[in-house]
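Reading through the structure tokens given below for one structure.
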Amino acid sequence: MRILFLALGFCSSPVTWAQYMAANSDPASAQDTRYKEGERAYRAGDHALAIAAFDDVITSAPEHLNAHLQRGFCHSVLLHHEQAVADFSMVIERRPEHIWAYTCRSAAFMKLGLYDRAILDLERVLQLDPNNDEAYNNRGWAYKAIGEHERACQDWNASRKLGNDEAKIILNNNRCK
């Protein structure tokens, strides 16, 4: 059903209700609603639906960093590591101090076998937060992957000293001193 709106004679063409609402609604509110839909889909495990929601948000608000971050998480879960890297990189470009974006991008780089790039991201995390036991732990795995056993053991020891109980097991399993 088409509804005709005549605004004091200035509008001469018929307008549907959807067109009227689209023209007169708050885009920020629509983005917020769609973002929340994406978050709900992510929590429900429907990562493809979540990506579609975050795509809509990013299309209307390319600078929406949380949408990029959340979409990156979804891409990681779906093993779309290149797309995850792109989203996390966008966040880092806009907020170079975003520790979580570096951490997540390093994980995607590791899945892609780009260990040197993962190490660089984890070094940046450690510059921003020298007591980040997870970054030491993950960098240890990256060093192990490139055959740098001693450096891996050093990082796992640092992680253990910072309280990471998993690092104790890793040290034993990898015959670190």
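Labels used: A, B, ... for chains in the order of the structure tokens, numbers from 1 for residues in each chain, and numbers from 1 for ligands as shown.
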
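Residues within 9 Å of A:Trp141, counting only C-alpha atoms and excluding same-chain residues fewer than 5 positions away, are Met110, Tyr136, Ile146, Ala152, Asp155 and Trp156 of chain A.
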
Near stretch 85-88 of chain A, 10 Å: stretch 104-140 of chain A residue rows, closest pairs, only C-alpha atoms, as CSV:
residue,atom,partner,partner_atom,distance
A:Cys104,CA,A:Phe88,CA,7.2
A:Arg105,CA,A:Val85,CA,5.4
A:Ser106,CA,A:Val85,CA,8.4
A:Ala107,CA,A:Val85,CA,9.2
A:Ala108,CA,A:Val85,CA,6.3
A:Phe109,CA,A:Val85,CA,7.3
A:Leu112,CA,A:Val85,CA,9.8

Exercise for the section: Within 7 Å of stretch 157-169 of chain A, counting only C-alpha atoms, which residues show up once you throw out same-chain ones fewer than 5 positions away? Write them as a list of chain:residue names, please. Expected result: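 In the requested format, the answer is A:Asn131, A:Asp133, A:Glu134, A:Tyr136, A:Asn137.
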
Handout entry: Surrounding residues of A:Cys74 excluding itself and chain neighbours under 5 positions, 10 Å, only C-alpha atoms, as a PyMOL selection string
Key = chain A and resi 38+41-42+45-51+54+68-69+79-81+83-84

Among stretch 35-94 of chain A, which ones does DSSP assign to helix (DSSP H, G or I) (computed from the backbone)? Answer as a short mmCIF file (atom, residue, chain, number, x, y, z; two decimals) with N, CA, C and O atoms, in the first residue's frame.
data_model
loop_
_atom_site.label_atom_id
_atom_site.label_comp_id
_atom_site.auth_asym_id
_atom_site.auth_seq_id
_atom_site.Cartn_x
_atom_site.Cartn_y
_atom_site.Cartn_z
N TYR A 35 23.84 -2.74 14.78
CA TYR A 35 25.02 -3.20 15.50
C TYR A 35 24.61 -4.18 16.61
O TYR A 35 25.21 -5.23 16.77
N LYS A 36 23.57 -3.82 17.34
CA LYS A 36 23.09 -4.70 18.41
C LYS A 36 22.57 -6.03 17.86
O LYS A 36 22.76 -7.08 18.47
N GLU A 37 21.96 -5.98 16.68
CA GLU A 37 21.52 -7.22 16.03
C GLU A 37 22.73 -8.10 15.70
O GLU A 37 22.69 -9.31 15.85
N GLY A 38 23.80 -7.47 15.24
CA GLY A 38 25.03 -8.20 14.95
C GLY A 38 25.62 -8.83 16.20
O GLY A 38 26.06 -9.99 16.18
N GLU A 39 25.63 -8.08 17.29
CA GLU A 39 26.14 -8.63 18.55
C GLU A 39 25.31 -9.82 19.01
O GLU A 39 25.86 -10.82 19.46
N ARG A 40 23.99 -9.71 18.90
CA ARG A 40 23.12 -10.83 19.30
C ARG A 40 23.39 -12.05 18.43
O ARG A 40 23.47 -13.18 18.93
N ALA A 41 23.53 -11.85 17.15
CA ALA A 41 23.81 -12.97 16.24
C ALA A 41 25.16 -13.61 16.57
O ALA A 41 25.29 -14.84 16.56
N TYR A 42 26.15 -12.78 16.89
CA TYR A 42 27.47 -13.30 17.26
C TYR A 42 27.37 -14.18 18.50
O TYR A 42 27.87 -15.29 18.53
N ARG A 43 26.68 -13.66 19.53
CA ARG A 43 26.53 -14.43 20.77
C ARG A 43 25.74 -15.71 20.56
O ARG A 43 25.98 -16.71 21.23
N HIS A 47 27.45 -16.50 12.97
CA HIS A 47 28.48 -15.55 12.59
C HIS A 47 28.25 -14.95 11.21
O HIS A 47 28.59 -13.80 10.97
N ALA A 48 27.64 -15.72 10.31
CA ALA A 48 27.34 -15.16 8.98
C ALA A 48 26.30 -14.05 9.09
O ALA A 48 26.44 -13.00 8.45
N LEU A 49 25.28 -14.25 9.91
CA LEU A 49 24.27 -13.21 10.12
C LEU A 49 24.89 -12.00 10.80
O LEU A 49 24.60 -10.85 10.45
N ALA A 50 25.78 -12.24 11.75
CA ALA A 50 26.46 -11.15 12.44
C ALA A 50 27.29 -10.34 11.44
O ALA A 50 27.27 -9.10 11.47
N ILE A 51 28.00 -11.02 10.57
CA ILE A 51 28.81 -10.31 9.56
C ILE A 51 27.92 -9.44 8.68
O ILE A 51 28.26 -8.29 8.39
N ALA A 52 26.77 -9.97 8.28
CA ALA A 52 25.85 -9.19 7.45
C ALA A 52 25.39 -7.93 8.18
O ALA A 52 25.33 -6.84 7.59
N ALA A 53 25.11 -8.05 9.47
CA ALA A 53 24.69 -6.89 10.26
C ALA A 53 25.83 -5.88 10.36
O ALA A 53 25.63 -4.67 10.17
N PHE A 54 27.04 -6.37 10.67
CA PHE A 54 28.18 -5.45 10.78
C PHE A 54 28.53 -4.83 9.43
O PHE A 54 28.95 -3.67 9.37
N ASP A 55 28.33 -5.58 8.34
CA ASP A 55 28.52 -5.02 7.00
C ASP A 55 27.61 -3.81 6.80
O ASP A 55 28.03 -2.78 6.28
N ASP A 56 26.35 -3.95 7.20
CA ASP A 56 25.39 -2.84 7.06
C ASP A 56 25.84 -1.62 7.85
O ASP A 56 25.76 -0.49 7.36
N VAL A 57 26.30 -1.86 9.06
CA VAL A 57 26.76 -0.74 9.90
C VAL A 57 27.96 -0.06 9.24
O VAL A 57 28.01 1.17 9.14
N ILE A 58 28.90 -0.86 8.78
CA ILE A 58 30.13 -0.31 8.18
C ILE A 58 29.83 0.41 6.87
O ILE A 58 30.45 1.44 6.57
N THR A 59 28.86 -0.08 6.12
CA THR A 59 28.47 0.59 4.87
C THR A 59 27.97 2.00 5.16
O THR A 59 28.30 2.95 4.46
N SER A 60 27.17 2.14 6.22
CA SER A 60 26.63 3.47 6.54
C SER A 60 27.56 4.29 7.42
O SER A 60 27.44 5.51 7.46
N LEU A 65 34.41 1.67 14.57
CA LEU A 65 35.49 0.75 14.91
C LEU A 65 35.00 -0.53 15.57
O LEU A 65 35.54 -1.61 15.30
N ASN A 66 33.99 -0.44 16.43
CA ASN A 66 33.49 -1.65 17.07
C ASN A 66 32.88 -2.61 16.06
O ASN A 66 32.99 -3.83 16.23
N ALA A 67 32.24 -2.10 15.03
CA ALA A 67 31.69 -2.97 13.99
C ALA A 67 32.82 -3.70 13.27
O ALA A 67 32.70 -4.89 12.97
N HIS A 68 33.91 -2.99 12.98
CA HIS A 68 35.07 -3.64 12.35
C HIS A 68 35.66 -4.70 13.28
O HIS A 68 36.00 -5.80 12.84
N LEU A 69 35.79 -4.37 14.54
CA LEU A 69 36.35 -5.31 15.51
C LEU A 69 35.48 -6.56 15.61
O LEU A 69 35.98 -7.68 15.52
N GLN A 70 34.19 -6.37 15.77
CA GLN A 70 33.27 -7.50 15.91
C GLN A 70 33.23 -8.34 14.63
O GLN A 70 33.19 -9.56 14.68
N ARG A 71 33.23 -7.67 13.48
CA ARG A 71 33.23 -8.41 12.22
C ARG A 71 34.52 -9.20 12.08
O ARG A 71 34.52 -10.33 11.60
N GLY A 72 35.63 -8.62 12.54
CA GLY A 72 36.90 -9.35 12.53
C GLY A 72 36.83 -10.61 13.38
O GLY A 72 37.32 -11.67 12.98
N PHE A 73 36.20 -10.52 14.56
CA PHE A 73 36.03 -11.71 15.40
C PHE A 73 35.23 -12.77 14.65
O PHE A 73 35.59 -13.97 14.66
N CYS A 74 34.16 -12.35 14.00
CA CYS A 74 33.32 -13.30 13.25
C CYS A 74 34.11 -13.95 12.13
O CYS A 74 34.04 -15.17 11.93
N HIS A 75 34.85 -13.14 11.39
CA HIS A 75 35.67 -13.71 10.31
C HIS A 75 36.69 -14.70 10.86
O HIS A 75 36.93 -15.75 10.25
N SER A 76 37.26 -14.42 12.01
CA SER A 76 38.22 -15.34 12.62
C SER A 76 37.56 -16.68 12.93
O SER A 76 38.13 -17.73 12.64
N VAL A 77 36.38 -16.63 13.52
CA VAL A 77 35.67 -17.86 13.87
C VAL A 77 35.36 -18.68 12.63
O VAL A 77 35.45 -19.90 12.64
N HIS A 81 40.60 -15.63 7.66
CA HIS A 81 41.67 -14.90 8.34
C HIS A 81 42.10 -13.63 7.61
O HIS A 81 42.44 -12.64 8.26
N GLU A 82 42.08 -13.65 6.28
CA GLU A 82 42.47 -12.44 5.55
C GLU A 82 41.49 -11.30 5.84
O GLU A 82 41.90 -10.16 6.04
N GLN A 83 40.18 -11.63 5.86
CA GLN A 83 39.18 -10.61 6.14
C GLN A 83 39.31 -10.12 7.58
O GLN A 83 39.13 -8.93 7.87
N ALA A 84 39.63 -11.04 8.50
CA ALA A 84 39.83 -10.64 9.90
C ALA A 84 40.99 -9.67 10.00
O ALA A 84 40.89 -8.64 10.68
N VAL A 85 42.09 -9.98 9.32
CA VAL A 85 43.25 -9.09 9.33
C VAL A 85 42.85 -7.70 8.83
O VAL A 85 43.24 -6.68 9.41
N ALA A 86 42.05 -7.64 7.77
CA ALA A 86 41.65 -6.34 7.21
C ALA A 86 40.84 -5.54 8.24
O ALA A 86 41.07 -4.34 8.40
N ASP A 87 39.92 -6.21 8.93
CA ASP A 87 39.12 -5.49 9.92
C ASP A 87 39.97 -5.03 11.11
O ASP A 87 39.86 -3.89 11.54
N PHE A 88 40.81 -5.91 11.62
CA PHE A 88 41.65 -5.52 12.76
C PHE A 88 42.63 -4.43 12.35
O PHE A 88 42.91 -3.52 13.13
N SER A 89 43.11 -4.47 11.13
CA SER A 89 44.03 -3.44 10.63
C SER A 89 43.34 -2.09 10.56
O SER A 89 43.95 -1.06 10.87
N MET A 90 42.08 -2.08 10.18
CA MET A 90 41.33 -0.82 10.11
C MET A 90 41.23 -0.21 11.50
O MET A 90 41.40 1.00 11.66
N VAL A 91 40.96 -1.04 12.49
CA VAL A 91 40.87 -0.55 13.87
C VAL A 91 42.22 0.02 14.31
O VAL A 91 42.30 1.12 14.86
N ILE A 92 43.29 -0.71 14.03
CA ILE A 92 44.64 -0.27 14.41
C ILE A 92 45.01 1.03 13.71
O ILE A 92 45.62 1.92 14.30
N GLU A 93 44.62 1.17 12.45
CA GLU A 93 44.91 2.40 11.70
C GLU A 93 44.28 3.62 12.37
O GLU A 93 44.89 4.68 12.45
N ARG A 94 43.09 3.44 12.89
CA ARG A 94 42.38 4.55 13.53
C ARG A 94 42.74 4.72 15.01
O ARG A 94 42.69 5.82 15.53
#

Problem - Shortest interatomic distance to A:Val125 - which of A:Ala101, A:Ala61, A:Cys153, A:Ala30, counting only C-alpha atoms - result: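 Going through A:Ala101, A:Ala61, A:Cys153, A:Ala30 one by one, the smallest distance to A:Val125 is for A:Ala101.
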
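Distances here use only C-alpha atoms; by that measure, the residue among A:Ala142, A:Leu128, A:Ile119, A:Ile170 closest to A:Glu97 is A:Leu128.
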
Exercise for the section: Considering only C-alpha atoms, state which residue in the set A:Gly140, A:Ser29, A:Ala145, A:Glu150 is at the smallest distance from A:Lys111. Expected result: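 Using only C-alpha atoms, A:Lys111 sits closest to A:Ala145.
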